[in-house]
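*Asks:* Contents of my_file33.json (JSON, C-alpha atoms) are below:
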[["chain", "number", "residue", "atom", "x", "y", "z"],
["J", 1, "MET", "CA", 36.52, 13.75, -36.82],
["J", 2, "SER", "CA", 39.79, 15.69, -37.16],
["J", 3, "LEU", "CA", 39.67, 19.46, -36.82],
["J", 4, "LEU", "CA", 42.00, 21.98, -38.47],
["J", 5, "TRP", "CA", 42.47, 25.66, -37.59],
["J", 6, "PRO", "CA", 44.79, 27.12, -40.27],
["J", 7, "GLU", "CA", 45.45, 30.28, -38.23],
["J", 8, "GLY", "CA", 45.43, 28.35, -34.96],
["J", 9, "LEU", "CA", 43.54, 28.88, -31.73],
["J", 10, "PRO", "CA", 45.45, 30.73, -28.99],
["J", 11, "LEU", "CA", 46.66, 28.30, -26.35],
["J", 12, "THR", "CA", 48.38, 28.47, -22.97],
["J", 13, "VAL", "CA", 51.27, 26.00, -22.83],
["J", 14, "GLU", "CA", 53.68, 25.30, -19.96],
["J", 15, "CYS", "CA", 57.08, 24.13, -21.22],
["J", 16, "ALA", "CA", 60.39, 22.69, -20.11],
["J", 17, "GLY", "CA", 63.54, 24.79, -20.52],
["J", 18, "ASP", "CA", 63.98, 23.62, -24.13],
["J", 19, "ALA", "CA", 60.39, 24.68, -25.01],
["J", 20, "THR", "CA", 59.08, 21.11, -24.97],
["J", 21, "PRO", "CA", 55.39, 21.28, -24.00],
["J", 22, "LEU", "CA", 54.64, 19.74, -20.59],
["J", 23, "ARG", "CA", 50.99, 20.67, -20.25],
["J", 24, "LEU", "CA", 48.43, 22.84, -21.99],
["J", 25, "ARG", "CA", 45.17, 24.56, -21.17],
["J", 26, "LEU", "CA", 42.33, 23.57, -23.46],
["J", 27, "GLN", "CA", 38.59, 24.15, -22.99],
["J", 28, "GLY", "CA", 39.09, 25.37, -19.43],
["J", 29, "GLY", "CA", 41.13, 22.38, -18.24],
["J", 30, "TRP", "CA", 44.79, 21.42, -18.07],
["J", 31, "HIS", "CA", 46.06, 18.46, -20.09],
["J", 32, "THR", "CA", 49.42, 16.86, -19.34],
["J", 33, "VAL", "CA", 51.59, 15.88, -22.30],
["J", 34, "ALA", "CA", 52.49, 12.18, -22.28],
["J", 35, "VAL", "CA", 54.51, 12.01, -25.52],
["J", 36, "VAL", "CA", 55.98, 14.42, -28.05],
["J", 37, "SER", "CA", 55.79, 12.40, -31.26],
["J", 38, "ALA", "CA", 57.11, 14.94, -33.78],
["J", 39, "ARG", "CA", 58.79, 18.34, -33.82],
["J", 40, "TRP", "CA", 59.76, 20.48, -36.83],
["J", 41, "ARG", "CA", 60.35, 24.11, -37.81],
["J", 42, "VAL", "CA", 59.00, 26.05, -40.78],
["J", 43, "ARG", "CA", 60.17, 29.45, -41.97],
["J", 44, "GLN", "CA", 58.22, 30.96, -44.84],
["J", 45, "GLY", "CA", 58.28, 34.37, -46.42],
["J", 46, "TRP", "CA", 61.46, 35.49, -44.64],
["J", 47, "TRP", "CA", 61.96, 38.15, -47.34],
["J", 48, "ARG", "CA", 58.62, 39.75, -46.43],
["J", 49, "ALA", "CA", 56.26, 39.57, -43.45],
["J", 50, "GLY", "CA", 56.27, 35.77, -43.31],
["J", 51, "TYR", "CA", 56.44, 33.52, -40.28],
["J", 52, "TRP", "CA", 58.85, 31.32, -38.38],
["J", 53, "ARG", "CA", 57.14, 28.54, -36.42],
["J", 54, "GLU", "CA", 57.90, 25.35, -34.61],
["J", 55, "TYR", "CA", 55.26, 22.64, -34.87],
["J", 56, "VAL", "CA", 54.92, 19.95, -32.22],
["J", 57, "THR", "CA", 52.62, 16.93, -32.27],
["J", 58, "VAL", "CA", 51.78, 15.72, -28.77],
["J", 59, "ALA", "CA", 49.66, 13.04, -27.14],
["J", 60, "THR", "CA", 48.15, 13.83, -23.76],
["J", 61, "HIS", "CA", 47.42, 11.49, -20.87],
["J", 62, "GLY", "CA", 43.74, 12.15, -21.67],
["J", 63, "ARG", "CA", 44.25, 10.55, -25.13],
["J", 64, "LEU", "CA", 44.19, 13.70, -27.20],
["J", 65, "LEU", "CA", 46.49, 13.88, -30.23],
["J", 66, "LEU", "CA", 47.22, 17.51, -31.10],
["J", 67, "THR", "CA", 49.49, 19.52, -33.34],
["J", 68, "LEU", "CA", 50.58, 22.80, -31.80],
["J", 69, "ALA", "CA", 52.45, 25.72, -33.39],
["J", 70, "ARG", "CA", 54.79, 28.06, -31.55],
["J", 71, "ASP", "CA", 55.55, 31.44, -33.08],
["J", 72, "LEU", "CA", 59.31, 31.49, -32.53],
["J", 73, "PRO", "CA", 59.87, 35.27, -32.41],
["J", 74, "ALA", "CA", 56.87, 35.89, -30.11],
["J", 75, "GLY", "CA", 56.95, 32.63, -28.12],
["J", 76, "THR", "CA", 53.16, 32.25, -28.33],
["J", 77, "TRP", "CA", 51.39, 28.92, -28.92],
["J", 78, "ARG", "CA", 48.37, 27.97, -31.02],
["J", 79, "LEU", "CA", 46.40, 24.79, -31.53],
["J", 80, "VAL", "CA", 46.34, 24.00, -35.24],
["J", 81, "TYR", "CA", 45.10, 20.41, -35.48],
["J", 82, "LEU", "CA", 43.11, 17.95, -33.39],
["J", 83, "HIS", "CA", 43.68, 14.46, -34.78],
["J", 84, "ASP", "CA", 41.11, 11.66, -34.73]]
How would this structure read if it were set down as structure tokens?

*Replies:*
Amino acid sequence: MSLLWPEGLPLTVECAGDATPLRLRLQGGWHTVAVVSARWRVRQGWWRAGYWREYVTVATHGRLLLTLARDLPAGTWRLVYLHD
């Protein structure tokens, strides 16, 4: 069953210099990223208090497929989707 968190769950992510996720902390354990399968940016509501995010879909060595969101101004990460 896929799970969606529209506001995202706060997540600790270690990244390469270009902000590509290398590993993430989820449910008390570290998961190493095996593949980044998609990466895109969304900017909404720039004329008001909107958001500017980068979304990244990753597969981990533990066979998790996740979509993460990084708040670009703040640099914080959130888990937004756990794929089946």

*Asks:* Counting all atoms listed in the file, which residues in stretch 17-56 of chain J sit no more than 10 Å from stretch 63-79 of chain J? For each one, give the nearest pair of atoms and the distance in Å, sorted by chain then residue number, as a Markdown table.

*Replies:*
| residue | atom | partner | partner_atom | distance |
| --- | --- | --- | --- | --- |
| J:Ala19 | CA | J:Gly75 | CA | 9.2 |
| J:Pro21 | CA | J:Leu68 | CA | 9.3 |
| J:Leu24 | CA | J:Trp77 | CA | 9.7 |
| J:Leu26 | CA | J:Leu79 | CA | 9.1 |
| J:His31 | CA | J:Leu64 | CA | 8.8 |
| J:Thr32 | CA | J:Leu64 | CA | 10.0 |
| J:Val33 | CA | J:Leu64 | CA | 9.1 |
| J:Ala34 | CA | J:Arg63 | CA | 8.9 |
| J:Val35 | CA | J:Leu65 | CA | 9.5 |
| J:Val36 | CA | J:Leu65 | CA | 9.8 |
| J:Ser37 | CA | J:Leu65 | CA | 9.5 |
| J:Ala38 | CA | J:Thr67 | CA | 8.9 |
| J:Arg39 | CA | J:Thr67 | CA | 9.4 |
| J:Trp40 | CA | J:Ala69 | CA | 9.6 |
| J:Arg41 | CA | J:Leu72 | CA | 9.1 |
| J:Val42 | CA | J:Ala69 | CA | 9.9 |
| J:Arg43 | CA | J:Leu72 | CA | 9.7 |
| J:Tyr51 | CA | J:Asp71 | CA | 7.5 |
| J:Trp52 | CA | J:Leu72 | CA | 5.9 |
| J:Arg53 | CA | J:Asp71 | CA | 4.7 |
| J:Glu54 | CA | J:Arg70 | CA | 5.1 |
| J:Tyr55 | CA | J:Ala69 | CA | 4.4 |
| J:Val56 | CA | J:Leu68 | CA | 5.2 |

*Asks:* Could you save the residues just selected, with C-alpha atoms, as a compact mmCIF listing (two decimals), in the coordinates of the input?

*Replies:*
# COMPACT_ATOMS: atom_id res chain seq x y z
CA ALA J 19 60.39 24.68 -25.01
CA PRO J 21 55.39 21.28 -24.00
CA LEU J 24 48.43 22.84 -21.99
CA LEU J 26 42.33 23.57 -23.46
CA HIS J 31 46.06 18.46 -20.09
CA THR J 32 49.42 16.86 -19.34
CA VAL J 33 51.59 15.88 -22.30
CA ALA J 34 52.49 12.18 -22.28
CA VAL J 35 54.51 12.01 -25.52
CA VAL J 36 55.98 14.42 -28.05
CA SER J 37 55.79 12.40 -31.26
CA ALA J 38 57.11 14.94 -33.78
CA ARG J 39 58.79 18.34 -33.82
CA TRP J 40 59.76 20.48 -36.83
CA ARG J 41 60.35 24.11 -37.81
CA VAL J 42 59.00 26.05 -40.78
CA ARG J 43 60.17 29.45 -41.97
CA TYR J 51 56.44 33.52 -40.28
CA TRP J 52 58.85 31.32 -38.38
CA ARG J 53 57.14 28.54 -36.42
CA GLU J 54 57.90 25.35 -34.61
CA TYR J 55 55.26 22.64 -34.87
CA VAL J 56 54.92 19.95 -32.22

*Asks:* Which is closer to J:Thr20 than all the others in J:His83, J:Thr57, J:Glu7, J:Gln44, using all atoms listed in the file?

*Replies:*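 Looking at the shortest contact to J:Thr20, the residue is J:Thr57.
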
*Asks:* Enter the distance from atom CA of J:Met1 to atom CA of J:Val13, in Å, rounded to one decimal.

*Replies:*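 Taking atom CA of J:Met1 and atom CA of J:Val13, their separation equals 23.7 Å.
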
*Asks:* How many Å separate atom CA of J:Pro10 from atom CA of J:Gly45?

*Replies:*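 Distance reported for this atom pair: 21.9 Å.
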
*Asks:* By how many Å are atom CA of J:Asp18 and atom CA of J:Asp84 apart?

*Replies:*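 These two atoms are separated by 27.9 Å.
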